[in-house]
file model_26.cif (mmCIF, C-alpha atoms)
data_final
#
loop_
_atom_site.label_atom_id
_atom_site.label_comp_id
_atom_site.auth_asym_id
_atom_site.auth_seq_id
_atom_site.Cartn_x
_atom_site.Cartn_y
_atom_site.Cartn_z
CA MET J 1 7.04 14.79 4.38
CA ILE J 2 9.22 11.72 4.56
CA VAL J 3 10.95 10.27 1.50
CA ARG J 4 12.66 6.87 1.60
CA THR J 5 13.95 4.37 -0.92
CA LEU J 6 13.81 0.62 -0.89
CA ALA J 7 17.53 0.43 -1.72
CA GLU J 8 18.48 2.47 1.35
CA ALA J 9 16.01 0.70 3.62
CA ASN J 10 17.37 -2.68 2.54
CA LYS J 11 20.69 -1.76 4.15
CA THR J 12 19.07 -1.22 7.55
CA ASN J 13 17.14 -3.23 10.09
CA ARG J 14 13.99 -2.30 8.18
CA ARG J 15 14.76 -5.40 6.09
CA VAL J 16 13.73 -8.55 7.90
CA VAL J 17 14.45 -12.06 6.63
CA SER J 18 12.20 -14.83 7.88
CA PRO J 19 13.93 -17.56 9.83
CA ASP J 20 12.00 -20.20 7.88
CA GLY J 21 13.42 -19.08 4.56
CA ASN J 22 10.04 -18.28 3.03
CA TRP J 23 10.19 -14.51 2.73
CA GLU J 24 11.86 -11.22 3.39
CA SER J 25 10.18 -7.90 4.01
CA THR J 26 11.35 -4.30 4.07
CA ARG J 27 9.24 -2.02 6.20
CA LEU J 28 9.21 1.35 4.48
CA LEU J 29 6.68 2.87 6.82
CA LEU J 30 6.21 1.85 10.44
CA LYS J 31 4.11 2.74 13.45
CA GLU J 32 6.58 5.40 14.50
CA ASP J 33 5.67 7.37 11.37
CA GLN J 34 2.22 7.85 12.87
CA MET J 35 0.26 7.25 9.68
CA GLY J 36 -2.11 4.72 11.25
CA PHE J 37 -0.86 1.92 8.99
CA SER J 38 2.46 0.38 8.00
CA PHE J 39 3.68 -0.33 4.47
CA HIS J 40 6.05 -3.17 3.60
CA MET J 41 7.55 -4.43 0.36
CA THR J 42 7.72 -8.17 0.75
CA THR J 43 9.36 -10.88 -1.33
CA ILE J 44 8.03 -14.42 -1.12
CA TYR J 45 10.68 -16.77 -2.36
CA LYS J 46 9.89 -19.17 -5.19
CA GLY J 47 8.57 -22.45 -3.85
CA ALA J 48 7.42 -21.03 -0.53
CA ASP J 49 4.25 -22.68 0.77
CA PHE J 50 3.30 -21.69 4.29
CA TYR J 51 0.49 -20.97 6.72
CA MET J 52 -0.30 -17.56 8.17
CA HIS J 53 -2.87 -16.18 10.53
CA TYR J 54 -2.67 -12.57 11.58
CA GLN J 55 -4.80 -12.65 14.69
CA ASN J 56 -4.00 -9.08 15.61
CA HIS J 57 -3.73 -7.23 12.32
CA LEU J 58 -5.76 -6.47 9.22
CA GLU J 59 -3.66 -6.71 6.07
CA SER J 60 -4.00 -5.99 2.38
CA VAL J 61 -1.53 -7.43 -0.12
CA TYR J 62 -1.09 -6.18 -3.69
CA CYS J 63 0.97 -8.23 -6.14
CA VAL J 64 3.49 -6.21 -8.13
CA SER J 65 5.19 -9.18 -9.78
CA GLY J 66 5.38 -12.96 -9.70
CA LYS J 67 2.89 -15.79 -9.62
CA GLY J 68 1.32 -17.73 -6.79
CA GLU J 69 -1.90 -18.46 -4.97
CA ILE J 70 -3.63 -17.92 -1.68
CA GLU J 71 -5.76 -20.62 -0.12
CA ASN J 72 -8.50 -19.47 2.20
CA LEU J 73 -8.74 -22.09 4.92
CA ALA J 74 -12.26 -20.98 5.83
CA ASP J 75 -13.69 -22.34 2.59
CA GLY J 76 -10.78 -24.14 0.94
CA LYS J 77 -10.88 -21.86 -2.09
CA LYS J 78 -7.64 -21.11 -3.92
CA HIS J 79 -7.23 -17.73 -5.58
CA PRO J 80 -4.49 -17.06 -8.14
CA ILE J 81 -2.05 -14.28 -7.37
CA GLU J 82 -0.47 -12.42 -10.27
CA PRO J 83 0.45 -8.80 -10.98
CA GLY J 84 -2.62 -6.68 -10.28
CA THR J 85 -4.18 -9.03 -7.73
CA ILE J 86 -5.01 -7.72 -4.27
CA TYR J 87 -6.06 -9.90 -1.40
CA ILE J 88 -7.59 -8.35 1.67
CA LEU J 89 -7.53 -10.15 5.00
CA ASP J 90 -10.49 -8.35 6.50
CA ASN J 91 -11.42 -11.12 8.87
CA HIS J 92 -8.08 -12.27 10.29
CA ASP J 93 -8.36 -15.04 7.71
CA LYS J 94 -6.32 -18.18 8.15
CA HIS J 95 -4.55 -18.77 4.87
CA ILE J 96 -1.78 -20.56 3.00
CA LEU J 97 0.41 -18.57 0.65
CA ARG J 98 2.23 -20.27 -2.21
CA ALA J 99 4.77 -18.73 -4.58
CA PHE J 100 5.11 -20.56 -7.90
CA GLU J 101 7.44 -17.78 -8.95
CA GLU J 102 9.05 -15.22 -6.66
CA LEU J 103 6.35 -12.80 -5.52
CA THR J 104 6.85 -9.09 -4.93
CA LEU J 105 4.05 -7.79 -2.73
CA ALA J 106 3.04 -4.38 -1.38
CA CYS J 107 1.58 -5.00 2.08
CA VAL J 108 -0.38 -2.65 4.32
CA PHE J 109 -1.04 -3.45 7.98
CA ASN J 110 -3.52 -1.95 10.42
CA PRO J 111 -2.65 -1.48 13.22
CA PRO J 112 0.79 -0.53 11.95
CA VAL J 113 3.64 -2.90 12.58
CA THR J 114 6.28 -1.51 14.95
CA GLY J 115 9.15 -3.29 13.22
CA ASN J 116 9.96 -5.57 16.14
CA GLU J 117 7.43 -8.30 15.44
CA VAL J 118 8.30 -11.75 14.21
CA HIS J 119 5.92 -14.45 13.05
CA ASN J 120 5.04 -16.69 15.98
CA ALA J 121 4.22 -20.37 15.84
CA GLU J 122 0.69 -19.52 14.73
CA GLY J 123 1.89 -17.62 11.67
CA ALA J 124 0.92 -14.31 13.22
CA TYR J 125 2.64 -11.19 14.32
CA GLU J 126 2.35 -10.72 18.04
CA LEU J 127 0.63 -7.47 18.82
CA ASP J 128 3.10 -5.05 20.27
CA THR J 129 1.61 -3.70 23.44
CA GLU J 130 2.16 -0.21 22.12
CA ALA J 131 0.60 -0.96 18.77
CA VAL J 132 -2.97 -0.01 19.57
CA MET Z 1 -11.11 -12.51 2.66
CA ILE Z 2 -11.63 -10.38 -0.39
CA VAL Z 3 -9.71 -10.95 -3.64
CA ARG Z 4 -9.84 -8.44 -6.48
CA THR Z 5 -7.86 -7.75 -9.63
CA LEU Z 6 -6.84 -4.48 -11.18
CA ALA Z 7 -8.10 -5.65 -14.59
CA GLU Z 8 -11.60 -6.28 -13.23
CA ALA Z 9 -11.65 -3.11 -11.15
CA ASN Z 10 -10.64 -1.04 -14.16
CA LYS Z 11 -13.94 -1.98 -15.82
CA THR Z 12 -15.95 -0.51 -12.94
CA ASN Z 13 -16.43 2.86 -11.29
CA ARG Z 14 -13.46 2.03 -9.08
CA ARG Z 15 -11.41 3.54 -11.92
CA VAL Z 16 -11.49 7.32 -11.78
CA VAL Z 17 -9.93 9.56 -14.42
CA SER Z 18 -9.01 13.07 -13.36
CA PRO Z 19 -10.83 15.84 -15.20
CA ASP Z 20 -7.54 17.72 -15.58
CA GLY Z 21 -5.90 14.92 -17.57
CA ASN Z 22 -3.07 14.42 -15.07
CA TRP Z 23 -3.88 11.03 -13.62
CA GLU Z 24 -6.17 8.06 -13.24
CA SER Z 25 -6.62 5.93 -10.16
CA THR Z 26 -8.23 2.59 -9.46
CA ARG Z 27 -9.40 2.12 -5.91
CA LEU Z 28 -8.87 -1.53 -5.05
CA LEU Z 29 -9.78 -1.14 -1.41
CA LEU Z 30 -12.19 1.48 -0.08
CA LYS Z 31 -13.70 2.61 3.19
CA GLU Z 32 -16.57 0.15 2.77
CA ASP Z 33 -14.07 -2.69 3.16
CA GLN Z 34 -13.57 -1.54 6.76
CA MET Z 35 -9.79 -1.95 6.81
CA GLY Z 36 -9.13 1.53 8.21
CA PHE Z 37 -7.27 2.60 5.06
CA SER Z 38 -7.84 2.63 1.33
CA PHE Z 39 -5.47 1.34 -1.37
CA HIS Z 40 -5.31 2.76 -4.87
CA MET Z 41 -3.19 2.01 -7.91
CA THR Z 42 -2.64 5.37 -9.57
CA THR Z 43 -1.14 6.32 -12.91
CA ILE Z 44 0.34 9.79 -13.33
CA TYR Z 45 0.53 10.57 -17.01
CA LYS Z 46 3.84 11.54 -18.55
CA GLY Z 47 4.32 15.28 -18.44
CA ALA Z 48 1.89 15.87 -15.58
CA ASP Z 49 2.98 18.69 -13.26
CA PHE Z 50 0.40 19.65 -10.67
CA TYR Z 51 -0.24 20.84 -7.14
CA MET Z 52 -1.87 18.76 -4.42
CA HIS Z 53 -2.74 19.28 -0.82
CA TYR Z 54 -4.63 16.62 1.06
CA GLN Z 55 -5.98 18.64 3.96
CA ASN Z 56 -8.06 15.78 5.27
CA HIS Z 57 -6.04 12.66 4.61
CA LEU Z 58 -2.66 11.15 5.37
CA GLU Z 59 -1.19 9.41 2.32
CA SER Z 60 1.79 7.23 1.48
CA VAL Z 61 2.83 6.72 -2.13
CA TYR Z 62 5.16 3.94 -3.33
CA CYS Z 63 6.55 4.07 -6.86
CA VAL Z 64 6.27 0.80 -8.77
CA SER Z 65 7.45 2.16 -12.11
CA GLY Z 66 8.26 5.39 -13.92
CA LYS Z 67 10.24 8.49 -13.16
CA GLY Z 68 9.33 11.84 -11.67
CA GLU Z 69 9.78 14.09 -8.69
CA ILE Z 70 7.92 15.53 -5.75
CA GLU Z 71 8.50 19.09 -4.63
CA ASN Z 72 7.82 19.86 -1.00
CA LEU Z 73 6.43 23.37 -0.91
CA ALA Z 74 7.30 23.74 2.78
CA ASP Z 75 11.03 23.83 2.05
CA GLY Z 76 11.27 23.88 -1.74
CA LYS Z 77 13.15 20.59 -1.83
CA LYS Z 78 12.68 18.31 -4.81
CA HIS Z 79 12.94 14.55 -4.30
CA PRO Z 80 13.35 12.15 -7.20
CA ILE Z 81 10.72 9.46 -7.63
CA GLU Z 82 11.72 6.18 -9.19
CA PRO Z 83 10.86 2.52 -8.59
CA GLY Z 84 11.40 1.82 -4.90
CA THR Z 85 10.79 5.38 -3.70
CA ILE Z 86 8.11 6.00 -1.09
CA TYR Z 87 6.92 9.44 -0.09
CA ILE Z 88 4.88 9.86 3.03
CA LEU Z 89 2.63 12.87 3.48
CA ASP Z 90 2.54 12.76 7.27
CA ASN Z 91 1.87 16.44 7.70
CA HIS Z 92 -0.76 17.20 5.06
CA ASP Z 93 2.17 18.48 3.02
CA LYS Z 94 1.52 20.84 0.14
CA HIS Z 95 3.36 19.43 -2.83
CA ILE Z 96 3.84 19.41 -6.58
CA LEU Z 97 4.06 16.10 -8.39
CA ARG Z 98 5.83 15.81 -11.73
CA ALA Z 99 5.99 12.78 -14.03
CA PHE Z 100 8.93 12.78 -16.40
CA GLU Z 101 7.81 9.32 -17.45
CA GLU Z 102 4.45 7.73 -16.68
CA LEU Z 103 4.36 6.86 -13.00
CA THR Z 104 2.64 3.82 -11.51
CA LEU Z 105 2.04 4.41 -7.81
CA ALA Z 106 0.61 2.35 -4.95
CA CYS Z 107 -1.23 4.82 -2.70
CA VAL Z 108 -2.59 4.31 0.81
CA PHE Z 109 -4.98 6.79 2.43
CA ASN Z 110 -5.98 7.23 6.04
CA PRO Z 111 -8.83 7.86 6.64
CA PRO Z 112 -9.89 5.59 3.81
CA VAL Z 113 -11.32 7.17 0.70
CA THR Z 114 -14.98 6.35 0.12
CA GLY Z 115 -14.69 6.35 -3.67
CA ASN Z 116 -16.87 9.38 -4.19
CA GLU Z 117 -14.26 12.08 -3.65
CA VAL Z 118 -12.82 14.25 -6.38
CA HIS Z 119 -9.94 16.66 -6.11
CA ASN Z 120 -11.25 20.09 -5.26
CA ALA Z 121 -9.75 23.41 -6.30
CA GLU Z 122 -7.20 23.11 -3.51
CA GLY Z 123 -5.88 19.80 -4.81
CA ALA Z 124 -7.46 17.90 -1.95
CA TYR Z 125 -10.06 15.27 -1.52
CA GLU Z 126 -13.03 16.60 0.39
CA LEU Z 127 -13.57 14.61 3.53
CA ASP Z 128 -16.68 12.54 3.22
CA THR Z 129 -18.81 13.18 6.26
CA GLU Z 130 -18.93 9.46 6.86
CA ALA Z 131 -15.20 9.02 6.50
CA VAL Z 132 -14.20 9.52 10.09
#
call {"tool": "encode", "arguments": {"input": "model_26.cif", "output": "structure tokens"}}
result
Amino acid sequence: MIVRTLAEANKTNRRVVSPDGNWESTRLLLKEDQMGFSFHMTTIYKGADFYMHYQNHLESVYCVSGKGEIENLADGKKHPIEPGTIYILDNHDKHILRAFEELTLACVFNPPVTGNEVHNAEGAYELDTEAV
Amino acid sequence: MIVRTLAEANKTNRRVVSPDGNWESTRLLLKEDQMGFSFHMTTIYKGADFYMHYQNHLESVYCVSGKGEIENLADGKKHPIEPGTIYILDNHDKHILRAFEELTLACVFNPPVTGNEVHNAEGAYELDTEAV
């Protein structure tokens, strides 16, 4: 059994701040924990509006607080995001995320993130060669 | 891309209420979604105090709200649970969960739950034969 707290993790390199100023994310559970997924608490700053495409990962995102929307670039549909919404990127979906208010999101990745990834120019995490 | 809401899911058989009166859980993401994990929003009712042992699943549990504790039966240690706490059952840990206030928990299971499981007498989910 492992027990961690967000407050403690925020003081370590588990907390990652995006260079583009759109988000920060604290990785509470990583590949090294050998659970087969990783779990991140992510904050999307108010006003953020950016493209993402996780070519190498499946991701689910549950909204704990805030208000925003996700635009699915495959069909152009916009889905509201509010507390209780989950969006599931089961098809490496290209999407735009917008935060009308600061969003707090619980994110799960498969394969698990190692903690060393950064978003590349395509809005994706590179796949760590040890990640699969 | 799949988008769901807790409010909608609560009106369906995704919401499961425990026969022992300790908890309810709404499964927002199940094995059929083919993400390799399942994601549940679970409420532990105030005053609940019960044993669990997931023999067949790994589980991580993040506390969104409430107050309680988890007791690790391997070493007798009790860990407080409050918003921002995650506990990770990486070793099929036998544990007791207590809710001093109603707990709202974001739970991830690997292998993913199918939605048909119930806790058995050992406090575990039976492993669906299709689950692995």
call {"tool": "closest_residue", "arguments": {"input": "model_26.cif", "among": "Z:Asn10, Z:Thr104, Z:Asn56, Z:Ser65", "to": "Arg27 in chain Z", "atoms": "only C-alpha atoms"}}
result
Z:Asn10
call {"tool": "interface_residues", "arguments": {"input": "model_26.cif", "of": "chain Z", "to": "chain J", "cutoff": "9 Å", "atoms": "only C-alpha atoms", "output": "ChimeraX atom specification"}}
result
/Z:1-7,28-29,33-37,39,58-60,62,64,72,79,82-93,106,108-111
call {"tool": "residues_around", "arguments": {"input": "model_26.cif", "residues": "Ala99 in chain Z", "least_positions_apart": "5", "cutoff": "7 Å", "atoms": "all atoms listed in the file", "output": "list in words"}}
result
Ile44, Tyr45, Lys46, Gly47, Ala48, Asp49, Lys67, Gly68 and Glu69 of chain Z
call {"tool": "write_last_selection", "arguments": {"input": "model_26.cif", "atoms": "C-alpha atoms", "output": "mmCIF file, in the coordinates of the input"}}
result
data_model
loop_
_atom_site.group_PDB
_atom_site.id
_atom_site.type_symbol
_atom_site.label_atom_id
_atom_site.label_comp_id
_atom_site.auth_asym_id
_atom_site.auth_seq_id
_atom_site.Cartn_x
_atom_site.Cartn_y
_atom_site.Cartn_z
ATOM 1 C CA ILE Z 44 0.340 9.790 -13.330
ATOM 2 C CA TYR Z 45 0.530 10.570 -17.010
ATOM 3 C CA LYS Z 46 3.840 11.540 -18.550
ATOM 4 C CA GLY Z 47 4.320 15.280 -18.440
ATOM 5 C CA ALA Z 48 1.890 15.870 -15.580
ATOM 6 C CA ASP Z 49 2.980 18.690 -13.260
ATOM 7 C CA LYS Z 67 10.240 8.490 -13.160
ATOM 8 C CA GLY Z 68 9.330 11.840 -11.670
ATOM 9 C CA GLU Z 69 9.780 14.090 -8.690
#
call {"tool": "atom_distance", "arguments": {"input": "model_26.cif", "atom1": "CA of Val113 in chain Z", "atom2": "CA of Tyr51 in chain Z"}}
result
19.3 Å
call {"tool": "atom_distance", "arguments": {"input": "model_26.cif", "atom1": "CA of Thr114 in chain Z", "atom2": "CA of Leu97 in chain Z"}}
result
23.0 Å
call {"tool": "atom_distance", "arguments": {"input": "model_26.cif", "atom1": "CA of Trp23 in chain J", "atom2": "CA of Thr42 in chain J"}}
result
7.1 Å
call {"tool": "closest_residue", "arguments": {"input": "model_26.cif", "among": "J:Phe50, J:Pro19, J:Lys31, J:Thr43", "to": "Cys107 in chain J", "atoms": "all atoms listed in the file"}}
result
J:Thr43
call {"tool": "build_atoms", "arguments": {"input": "model_26.cif", "residues": "range 24-49 of chain J", "atoms": "N, CA, C and O atoms", "output": "PDB file, in the frame of the given file"}}
result
ATOM      1  N   GLU J  24      11.222 -12.363   2.752  1.00  0.00           N
ATOM      2  CA  GLU J  24      11.860 -11.220   3.390  1.00  0.00           C
ATOM      3  C   GLU J  24      10.955 -10.021   3.173  1.00  0.00           C
ATOM      4  O   GLU J  24      10.119 -10.004   2.253  1.00  0.00           O
ATOM      5  N   SER J  25      11.095  -9.031   4.051  1.00  0.00           N
ATOM      6  CA  SER J  25      10.180  -7.900   4.010  1.00  0.00           C
ATOM      7  C   SER J  25      10.918  -6.651   4.454  1.00  0.00           C
ATOM      8  O   SER J  25      11.666  -6.672   5.433  1.00  0.00           O
ATOM      9  N   THR J  26      10.736  -5.579   3.710  1.00  0.00           N
ATOM     10  CA  THR J  26      11.350  -4.300   4.070  1.00  0.00           C
ATOM     11  C   THR J  26      10.237  -3.324   4.428  1.00  0.00           C
ATOM     12  O   THR J  26       9.352  -3.036   3.618  1.00  0.00           O
ATOM     13  N   ARG J  27      10.301  -2.858   5.669  1.00  0.00           N
ATOM     14  CA  ARG J  27       9.240  -2.020   6.200  1.00  0.00           C
ATOM     15  C   ARG J  27       9.566  -0.556   5.930  1.00  0.00           C
ATOM     16  O   ARG J  27      10.349   0.070   6.627  1.00  0.00           O
ATOM     17  N   LEU J  28       8.924  -0.026   4.905  1.00  0.00           N
ATOM     18  CA  LEU J  28       9.210   1.350   4.480  1.00  0.00           C
ATOM     19  C   LEU J  28       8.497   2.383   5.320  1.00  0.00           C
ATOM     20  O   LEU J  28       8.877   3.561   5.323  1.00  0.00           O
ATOM     21  N   LEU J  29       7.483   1.947   6.020  1.00  0.00           N
ATOM     22  CA  LEU J  29       6.680   2.870   6.820  1.00  0.00           C
ATOM     23  C   LEU J  29       6.202   2.082   8.028  1.00  0.00           C
ATOM     24  O   LEU J  29       5.596   1.013   7.871  1.00  0.00           O
ATOM     25  N   LEU J  30       6.515   2.579   9.210  1.00  0.00           N
ATOM     26  CA  LEU J  30       6.210   1.850  10.440  1.00  0.00           C
ATOM     27  C   LEU J  30       5.339   2.685  11.371  1.00  0.00           C
ATOM     28  O   LEU J  30       5.037   3.853  11.093  1.00  0.00           O
ATOM     29  N   LYS J  31       4.966   2.068  12.481  1.00  0.00           N
ATOM     30  CA  LYS J  31       4.110   2.740  13.450  1.00  0.00           C
ATOM     31  C   LYS J  31       4.654   4.091  13.872  1.00  0.00           C
ATOM     32  O   LYS J  31       3.898   5.059  14.030  1.00  0.00           O
ATOM     33  N   GLU J  32       5.977   4.155  14.013  1.00  0.00           N
ATOM     34  CA  GLU J  32       6.580   5.400  14.500  1.00  0.00           C
ATOM     35  C   GLU J  32       6.349   6.581  13.555  1.00  0.00           C
ATOM     36  O   GLU J  32       6.489   7.735  13.953  1.00  0.00           O
ATOM     37  N   ASP J  33       5.968   6.285  12.318  1.00  0.00           N
ATOM     38  CA  ASP J  33       5.670   7.370  11.370  1.00  0.00           C
ATOM     39  C   ASP J  33       4.290   7.966  11.582  1.00  0.00           C
ATOM     40  O   ASP J  33       3.948   8.976  10.952  1.00  0.00           O
ATOM     41  N   GLN J  34       3.512   7.311  12.428  1.00  0.00           N
ATOM     42  CA  GLN J  34       2.220   7.850  12.870  1.00  0.00           C
ATOM     43  C   GLN J  34       1.254   8.106  11.707  1.00  0.00           C
ATOM     44  O   GLN J  34       0.599   9.148  11.649  1.00  0.00           O
ATOM     45  N   MET J  35       1.207   7.145  10.795  1.00  0.00           N
ATOM     46  CA  MET J  35       0.260   7.250   9.680  1.00  0.00           C
ATOM     47  C   MET J  35      -0.989   6.401   9.925  1.00  0.00           C
ATOM     48  O   MET J  35      -1.931   6.426   9.128  1.00  0.00           O
ATOM     49  N   GLY J  36      -0.955   5.564  10.956  1.00  0.00           N
ATOM     50  CA  GLY J  36      -2.110   4.720  11.250  1.00  0.00           C
ATOM     51  C   GLY J  36      -2.086   3.398  10.505  1.00  0.00           C
ATOM     52  O   GLY J  36      -3.002   2.587  10.628  1.00  0.00           O
ATOM     53  N   PHE J  37      -1.056   3.187   9.702  1.00  0.00           N
ATOM     54  CA  PHE J  37      -0.860   1.920   8.990  1.00  0.00           C
ATOM     55  C   PHE J  37       0.637   1.754   8.780  1.00  0.00           C
ATOM     56  O   PHE J  37       1.405   2.714   8.965  1.00  0.00           O
ATOM     57  N   SER J  38       1.071   0.556   8.426  1.00  0.00           N
ATOM     58  CA  SER J  38       2.460   0.380   8.000  1.00  0.00           C
ATOM     59  C   SER J  38       2.461  -0.173   6.581  1.00  0.00           C
ATOM     60  O   SER J  38       1.467  -0.754   6.111  1.00  0.00           O
ATOM     61  N   PHE J  39       3.572   0.046   5.883  1.00  0.00           N
ATOM     62  CA  PHE J  39       3.680  -0.330   4.470  1.00  0.00           C
ATOM     63  C   PHE J  39       4.983  -1.083   4.270  1.00  0.00           C
ATOM     64  O   PHE J  39       6.056  -0.560   4.580  1.00  0.00           O
ATOM     65  N   HIS J  40       4.893  -2.278   3.743  1.00  0.00           N
ATOM     66  CA  HIS J  40       6.050  -3.170   3.600  1.00  0.00           C
ATOM     67  C   HIS J  40       6.137  -3.660   2.157  1.00  0.00           C
ATOM     68  O   HIS J  40       5.120  -4.016   1.562  1.00  0.00           O
ATOM     69  N   MET J  41       7.333  -3.723   1.620  1.00  0.00           N
ATOM     70  CA  MET J  41       7.550  -4.430   0.360  1.00  0.00           C
ATOM     71  C   MET J  41       8.133  -5.790   0.714  1.00  0.00           C
ATOM     72  O   MET J  41       9.205  -5.894   1.337  1.00  0.00           O
ATOM     73  N   THR J  42       7.402  -6.820   0.316  1.00  0.00           N
ATOM     74  CA  THR J  42       7.720  -8.170   0.750  1.00  0.00           C
ATOM     75  C   THR J  42       8.000  -9.069  -0.442  1.00  0.00           C
ATOM     76  O   THR J  42       7.309  -8.993  -1.459  1.00  0.00           O
ATOM     77  N   THR J  43       9.022  -9.881  -0.306  1.00  0.00           N
ATOM     78  CA  THR J  43       9.360 -10.880  -1.330  1.00  0.00           C
ATOM     79  C   THR J  43       9.059 -12.257  -0.757  1.00  0.00           C
ATOM     80  O   THR J  43       9.522 -12.595   0.339  1.00  0.00           O
ATOM     81  N   ILE J  44       8.269 -13.018  -1.488  1.00  0.00           N
ATOM     82  CA  ILE J  44       8.030 -14.420  -1.120  1.00  0.00           C
ATOM     83  C   ILE J  44       8.862 -15.254  -2.076  1.00  0.00           C
ATOM     84  O   ILE J  44       8.712 -15.151  -3.304  1.00  0.00           O
ATOM     85  N   TYR J  45       9.753 -16.024  -1.514  1.00  0.00           N
ATOM     86  CA  TYR J  45      10.680 -16.770  -2.360  1.00  0.00           C
ATOM     87  C   TYR J  45       9.957 -17.872  -3.144  1.00  0.00           C
ATOM     88  O   TYR J  45       8.981 -18.464  -2.657  1.00  0.00           O
ATOM     89  N   LYS J  46      10.454 -18.121  -4.329  1.00  0.00           N
ATOM     90  CA  LYS J  46       9.890 -19.170  -5.190  1.00  0.00           C
ATOM     91  C   LYS J  46       9.850 -20.489  -4.441  1.00  0.00           C
ATOM     92  O   LYS J  46      10.849 -20.883  -3.823  1.00  0.00           O
ATOM     93  N   GLY J  47       8.728 -21.158  -4.510  1.00  0.00           N
ATOM     94  CA  GLY J  47       8.570 -22.450  -3.850  1.00  0.00           C
ATOM     95  C   GLY J  47       8.034 -22.371  -2.448  1.00  0.00           C
ATOM     96  O   GLY J  47       7.661 -23.394  -1.869  1.00  0.00           O
ATOM     97  N   ALA J  48       7.949 -21.165  -1.892  1.00  0.00           N
ATOM     98  CA  ALA J  48       7.420 -21.030  -0.530  1.00  0.00           C
ATOM     99  C   ALA J  48       5.965 -21.498  -0.487  1.00  0.00           C
ATOM    100  O   ALA J  48       5.203 -21.310  -1.440  1.00  0.00           O
ATOM    101  N   ASP J  49       5.591 -22.089   0.605  1.00  0.00           N
ATOM    102  CA  ASP J  49       4.250 -22.680   0.770  1.00  0.00           C
ATOM    103  C   ASP J  49       4.035 -22.746   2.273  1.00  0.00           C
ATOM    104  O   ASP J  49       4.509 -23.668   2.925  1.00  0.00           O
TER     105      ASP J  49
END
